[in-house]
Amino acid sequence: TAYHESGHAIVALFTEAAMPVHKATIMPRGSALGMVTQIPDKDETSVSKEQLLAKLDVCMGGRVAEEMIFGENKVTTGARSDLQQATSLARHMVAECGMSSAVGPIYISDIRSQSPQMQKEIDREVVTLLKDAEARVRTLLQRRVKELDQLAKALVERETLNQVQIKTLLGLKQEEAPGGIKEDLPAPPGDNGSSEDQLDAAEKPEEAKQASL
């Protein structure tokens, strides 16, 4: 679970156009064994193809992380809801948003009403989007395996980490918060004190303000 949720979070952190990570937790909630919460930093009335592709990548992050760390035969069923969400999103992009050059600029409200050939073409494009996302995520996580390990271990120890704590742990600078107010973060691990000290400091409002998301 820790590596699964860390996979989602690392992909979100290092993928351009992905929504900001608000919180990562491995505390069970309902049927979910853990969760990474993302909240947009501003209201959006429309979403670009780049943003939708980023969502696909984040969906794939958990499963790919499990496969990388534990092996293909150790991948769990925890990725079921991720795959369901990713498949629905990819189908939405292809059949309703005209985001496939092969299918073309068309809106299809009921795929089952289409010809068998069109249905196969839509399915083919959906699978292509999903496999492309998986490949991008695997490349990203292979480059960021150190950060993946750091975050997974921190989640095992603390169960829940907020945005400030995650960025502090990974030595990432906090960008400007909404409204142009810069956040004051503790120094990254290695600059002053242990990573545990830095995470503790990130929890204290007087020492580090959390973004208003």
# chains A, B, ... in the order shown; residues from 1 in each chain; ligands from 1

call {"tool": "residues_around", "arguments": {"residues": "A:Lys131", "least_positions_apart": "6", "cutoff": "12 Å", "atoms": "only C-alpha atoms", "output": "list in words"}}
result
Leu53, Leu56, Asp57, Met60, Val64, Leu83, Ala86, Thr87, Ala90, Arg124, Glu125, Val137 and Arg138 of chain A

call {"tool": "select_by_dssp", "arguments": {"residues": "stretch 1-187 of chain A", "states": "strand (DSSP E or B)", "output": "number ranges by chain"}}
result
A: 21-25, 29, 32, 35-38, 160-162, 177, 181

call {"tool": "closest_residue", "arguments": {"among": "A:Ala133, A:Ala9, A:Val156, A:Ala65", "to": "A:Glu50", "atoms": "only C-alpha atoms"}}
result
A:Ala133

call {"tool": "closest_residue", "arguments": {"among": "A:Arg158, A:Lys49, A:Arg63, A:His22", "to": "A:Glu134", "atoms": "only C-alpha atoms"}}
result
A:Arg63

call {"tool": "atom_distance", "arguments": {"atom1": "atom CA of A:Gly104", "atom2": "atom CA of A:Ser46"}}
result
19.9 Å

call {"tool": "atom_distance", "arguments": {"atom1": "atom CA of A:Thr25", "atom2": "atom CA of A:Pro40"}}
result
18.4 Å

call {"tool": "atom_distance", "arguments": {"atom1": "atom CA of A:Leu89", "atom2": "atom CA of A:Leu129"}}
result
9.8 Å

call {"tool": "select_by_dssp", "arguments": {"residues": "stretch 25-203 of chain A", "states": "helix (DSSP H, G or I)", "output": "PyMOL selection string"}}
result
chain A and resi 49-70+72-74+77-95+111-113+116-143+145-158+163-169+195-202

call {"tool": "closest_residue", "arguments": {"among": "A:Val47, A:Leu172, A:Met99, A:Cys59", "to": "A:Glu147", "atoms": "only C-alpha atoms"}}
result
A:Leu172

call {"tool": "closest_residue", "arguments": {"among": "A:Arg91, A:Thr1, A:Leu130, A:Gln119", "to": "A:Thr77", "atoms": "only C-alpha atoms"}}
result
A:Thr1

call {"tool": "residues_around", "arguments": {"residues": "A:Gly78", "least_positions_apart": "3", "cutoff": "9 Å", "atoms": "only C-alpha atoms", "output": "number ranges by chain"}}
result
A: 1, 4, 32-33, 62-63, 75, 81-82

call {"tool": "write_last_selection", "arguments": {"atoms": "N, CA, C and O atoms", "output": "mmCIF file, in the first residue's frame"}}
result
data_model
loop_
_atom_site.group_PDB
_atom_site.id
_atom_site.type_symbol
_atom_site.label_atom_id
_atom_site.label_comp_id
_atom_site.auth_asym_id
_atom_site.auth_seq_id
_atom_site.Cartn_x
_atom_site.Cartn_y
_atom_site.Cartn_z
ATOM 1 N N THR A 1 0.828 -1.212 0.000
ATOM 2 C CA THR A 1 0.000 0.000 0.000
ATOM 3 C C THR A 1 0.861 1.260 0.000
ATOM 4 O O THR A 1 0.567 2.213 -0.708
ATOM 5 N N HIS A 4 2.280 1.672 -3.402
ATOM 6 C CA HIS A 4 1.181 1.969 -4.331
ATOM 7 C C HIS A 4 0.819 3.454 -4.266
ATOM 8 O O HIS A 4 0.781 4.143 -5.293
ATOM 9 N N ALA A 32 -11.005 1.490 0.277
ATOM 10 C CA ALA A 32 -9.664 1.904 -0.135
ATOM 11 C C ALA A 32 -8.668 1.678 1.001
ATOM 12 O O ALA A 32 -8.926 2.029 2.152
ATOM 13 N N LEU A 33 -7.518 1.080 0.667
ATOM 14 C CA LEU A 33 -6.483 0.833 1.667
ATOM 15 C C LEU A 33 -5.610 2.060 1.895
ATOM 16 O O LEU A 33 -4.858 2.134 2.861
ATOM 17 N N GLY A 62 0.266 3.807 -9.198
ATOM 18 C CA GLY A 62 0.246 2.815 -8.130
ATOM 19 C C GLY A 62 0.597 1.421 -8.624
ATOM 20 O O GLY A 62 1.436 0.726 -8.032
ATOM 21 N N ARG A 63 -0.016 1.011 -9.702
ATOM 22 C CA ARG A 63 0.216 -0.338 -10.240
ATOM 23 C C ARG A 63 1.651 -0.500 -10.727
ATOM 24 O O ARG A 63 2.304 -1.522 -10.476
ATOM 25 N N VAL A 75 1.805 -7.905 -8.212
ATOM 26 C CA VAL A 75 0.871 -6.787 -8.371
ATOM 27 C C VAL A 75 -0.470 -7.175 -7.759
ATOM 28 O O VAL A 75 -0.964 -8.286 -7.980
ATOM 29 N N SER A 81 -9.590 -0.139 -9.086
ATOM 30 C CA SER A 81 -10.322 1.126 -9.231
ATOM 31 C C SER A 81 -9.525 2.130 -10.065
ATOM 32 O O SER A 81 -10.107 2.938 -10.795
ATOM 33 N N ASP A 82 -8.189 2.068 -9.961
ATOM 34 C CA ASP A 82 -7.351 2.947 -10.779
ATOM 35 C C ASP A 82 -7.534 2.641 -12.261
ATOM 36 O O ASP A 82 -7.670 3.548 -13.091
#

call {"tool": "residues_around", "arguments": {"residues": "A:Ser100", "least_positions_apart": "6", "cutoff": "9 Å", "atoms": "only C-alpha atoms", "output": "mmCIF file with all heavy atoms, in the first residue's frame"}}
result
data_model
loop_
_atom_site.group_PDB
_atom_site.id
_atom_site.type_symbol
_atom_site.label_atom_id
_atom_site.label_comp_id
_atom_site.auth_asym_id
_atom_site.auth_seq_id
_atom_site.Cartn_x
_atom_site.Cartn_y
_atom_site.Cartn_z
ATOM 1 N N MET A 93 -12.014 10.519 -23.549
ATOM 2 C CA MET A 93 -11.149 11.303 -24.423
ATOM 3 C C MET A 93 -11.350 10.935 -25.894
ATOM 4 O O MET A 93 -11.442 11.802 -26.762
ATOM 5 C CB MET A 93 -9.673 11.089 -24.035
ATOM 6 C CG MET A 93 -9.302 11.639 -22.671
ATOM 7 S SD MET A 93 -7.640 11.147 -22.148
ATOM 8 C CE MET A 93 -6.633 12.032 -23.362
ATOM 9 N N VAL A 94 -11.456 9.635 -26.148
ATOM 10 C CA VAL A 94 -11.549 9.147 -27.531
ATOM 11 C C VAL A 94 -12.947 9.341 -28.115
ATOM 12 O O VAL A 94 -13.105 9.852 -29.241
ATOM 13 C CB VAL A 94 -11.167 7.650 -27.596
ATOM 14 C CG1 VAL A 94 -11.447 7.084 -29.002
ATOM 15 C CG2 VAL A 94 -9.703 7.465 -27.232
ATOM 16 N N ILE A 122 -12.358 2.392 -31.446
ATOM 17 C CA ILE A 122 -12.375 3.099 -30.160
ATOM 18 C C ILE A 122 -11.633 2.290 -29.101
ATOM 19 O O ILE A 122 -10.795 2.825 -28.360
ATOM 20 C CB ILE A 122 -13.827 3.369 -29.709
ATOM 21 C CG1 ILE A 122 -14.478 4.405 -30.643
ATOM 22 C CG2 ILE A 122 -13.863 3.863 -28.260
ATOM 23 C CD1 ILE A 122 -15.971 4.591 -30.415
ATOM 24 N N GLU A 125 -7.889 2.495 -29.607
ATOM 25 C CA GLU A 125 -7.326 3.784 -29.190
ATOM 26 C C GLU A 125 -7.294 3.917 -27.670
ATOM 27 O O GLU A 125 -6.359 4.488 -27.105
ATOM 28 C CB GLU A 125 -8.145 4.931 -29.804
ATOM 29 C CG GLU A 125 -7.923 5.130 -31.286
ATOM 30 C CD GLU A 125 -6.487 5.503 -31.592
ATOM 31 O OE1 GLU A 125 -6.077 6.633 -31.270
ATOM 32 O OE2 GLU A 125 -5.757 4.640 -32.117
#

call {"tool": "residues_around", "arguments": {"residues": "A:Ala12", "least_positions_apart": "4", "cutoff": "7 Å", "atoms": "only C-alpha atoms", "output": "list in words"}}
result
His8, Ala18, Met19, Pro20, Val21 and Val58 of chain A
